[in-house]
Protein chains: 2
Amino acid sequence: MNARDDSKGGTVRAGYVRPLDIRNGRIDMGHGAGGRAASQLIEEIFLAAFDNPFLRQGNDGASLAIPQGARLVMATDAHVISPLFFPGGDIGALSVHGTVNDVAMMGATPLWLSASFILEEGFPLADLKRIVQSMAAAAREAGVAVVTGDTKVVEQGKGDGVFISTTGVGVVPHGIDVSGAHARPGDVILLSGTVGDHGVAVLSQRESLEFETTIVSDTAALNGLVADMLAACPAIRTLRDPTRGGVATTLNEIARQSGVGMLLDEAAIPVKPEVDAACELLGLDPLYVANEGKLLAIVPADQADAVLAAMRAHPHGADAACIGSVTEDPHHFVQMNTRFGGRRVVDWLSGEQLPRIC
Amino acid sequence: MNARDDSKGGTVRAGYVRPLDIRNGRIDMGHGAGGRAASQLIEEIFLAAFDNPFLRQGNDGASLAIPQGARLVMATDAHVISPLFFPGGDIGALSVHGTVNDVAMMGATPLWLSASFILEEGFPLADLKRIVQSMAAAAREAGVAVVTGDTKVVEQGKGDGVFISTTGVGVVPHGIDVSGAHARPGDVILLSGTVGDHGVAVLSQRESLEFETTIVSDTAALNGLVADMLAACPAIRTLRDPTRGGVATTLNEIARQSGVGMLLDEAAIPVKPEVDAACELLGLDPLYVANEGKLLAIVPADQADAVLAAMRAHPHGADAACIGSVTEDPHHFVQMNTRFGGRRVVDWLSGEQLPRIC
């Protein structure tokens, strides 16, 4: 969505062109065809929201200056969440947060995003505008620029409103080397806050479940929190956001990647009472429910207090907790001391739990 | 689709897990849920095809070393082409070519791609494998690596087989500054080959039209051609691939962006006789039909011969031609001297011509 976009749209309009009818208008196939209609959509909705010097270059992509000798990080996420709007967020904000967080989990400072939209014919322009504005606000708040994009349109019944794929590029500060392969026995496992909020918020909206209190998604950009944590402890081993598959699956991945085991303390894992109650009702284990504004950090034991203090001093880490430690285990099992004094294996997510949760 | 992918998939399988049934298997919602099924899909289809050190990092994104003081280019494209397989290519190859070309049109050397897949429940695994292998082959041929990715699954009837969004990052060689804003009156307009092949190939497949000879898409990565052209003339002003909206719309965009007019010579624009005949039958103007392996170049007049020679020496530029020149025109019109001795304005594409052509 440069001034021209890849849609090859443009805006030399010989005569007067009526502005988009945002209130009542809908996407039609012409908005994806690369002519005047596509150009108008890009200008009046996308450029209006994302305006920045990269987009104003108006070329096939964005030209970006990078610091000398920087190491880059690149991450991508497709977003197909249903419903598009949910308590605490929407697909627009989520599509920024998801990718910003993936870049941040590499220890990088996210700088640039690309965004590609697949729109279904008939989708209300008003909803599109709301989503794009929400993306733009999320990008501003995270300090990243949406530098290039693309828009395609598919026939009614061949899509579902809007899908958004974002790709993020960031730079890794000198001396930082965060990886899922770096956890070592004796390290401490930190979690930045309560689990399950996003998945339960989306599911309750989808199923029109009414709980006494509204459960709100935790969707948020975590790059600020990560920066504070790395300032407190540049030796952080691993950072990862427990999205699809939840904390349980994410820890299993790290255990496997690092060739270690883990031992969790169930009582230490923060879960909001209303999320716990909803999970009980829905037959879900909050450890497997997706989060969109939480991270797991694995840190050397002697620096855990410093990192935890940095986390708790940040709004997105106020409820941070130490939830366990890394062990030696040739089987790479994640185990948990339960509230009732027992111990059980916390396995990978099997099969489908919550489809289209992000 | 790192070893873990953003799907949080992994592969510590306590027991024996049956390999995917590629021949008869289909995508189900569990392939998008982030557990074992997602992990298996990623390993057996995506990693098997794209294997490289970036993906093997197994983190949330790819970590990339870049040359000192490089300028980066970032471009993205969503691909929703229908049908998925067409004469001369498929959505997999196209999704590499489209984004590689966008990066190359900035004068950059494409290096890295991300790929995000939105799969429809029920999509045959055999087709997915074929598409992914085609992507991998196209990436190898273009000299780029697919360094990170994501996979989501939507319910049957909420997608259309597979949509692929790719984002490309490349580096701009020192001294190169190519932009749609750099065309100047007196410059020469070069076209790398015949127009309309891709759009007509896809449309004839879609409509099950039988022509005497099969019309084949021109889908191809143009970064090699661009490198040869820039070696012959580092002062190339503008490069652009005439995809959606065709040569006509692309030239109108450049005219507007550079604040110039253009005058084309219809007789000089190469069109294959069978494409011309098909366009006649279908009521299409080849100047507005999408290409996926062609480029337009605007170059200083005194270097046009050198660039044209470099183009013709490359397999993707064998039919290159000089098709017109840049003029002064406050209205930024693209005009054309017709075969019949007249002159007409070549306007922007209006409305929809060929939906889902890329």
# chains A, B, ... in the order shown; residues from 1 in each chain; ligands from 1

$ residues_around --residues "Gly161 (chain B)" --least-positions-apart "2" --cutoff "10 Å" --atoms "only C-alpha atoms" --output "list in words"
Lys158 of chain A; Ile27, Val80, Ser82, Pro83, Leu84, Ile118, Leu119, Glu120, Glu121, Gly122, Phe123, Pro124, Asp127, Leu128, Val153, Val154, Gln156, Gly157, Lys158, Gly159 and Phe163 of chain B

$ select_by_dssp --residues "region 141-357 of chain A" --states "alpha helix (DSSP H)" --output "number ranges by chain"
A: 141-142, 197-206, 223-232, 246-258, 273-282, 304-312

$ select_by_dssp --residues "region 82-198 of chain B" --states "strand (DSSP E)" --output "PyMOL selection string"
chain B and resi 85-86+89-90+109-120+145-154+162-172+188-191

$ closest_residue --among "A:Glu292, A:Asp177, A:Asp285, A:Asp347" --to "Val73 (chain A)" --atoms "only C-alpha atoms"
A:Asp177

$ closest_residue --among "A:Ser179, A:Asn252, A:Glu280, A:Glu328" --to "Ala297 (chain A)" --atoms "only C-alpha atoms"
A:Ser179

$ residues_around --residues "Ser134 (chain A)" --least-positions-apart "4" --cutoff "9 Å" --atoms "only C-alpha atoms" --output "PyMOL selection string"
chain A and resi 49+89-93+129-130+138-139

$ residues_around --residues "Ala221 (chain A)" --least-positions-apart "5" --cutoff "12 Å" --atoms "only C-alpha atoms" --output "PyMOL selection string"
chain A and resi 93-105+109-110+135+137-144+226-227+241+291-295+315-317
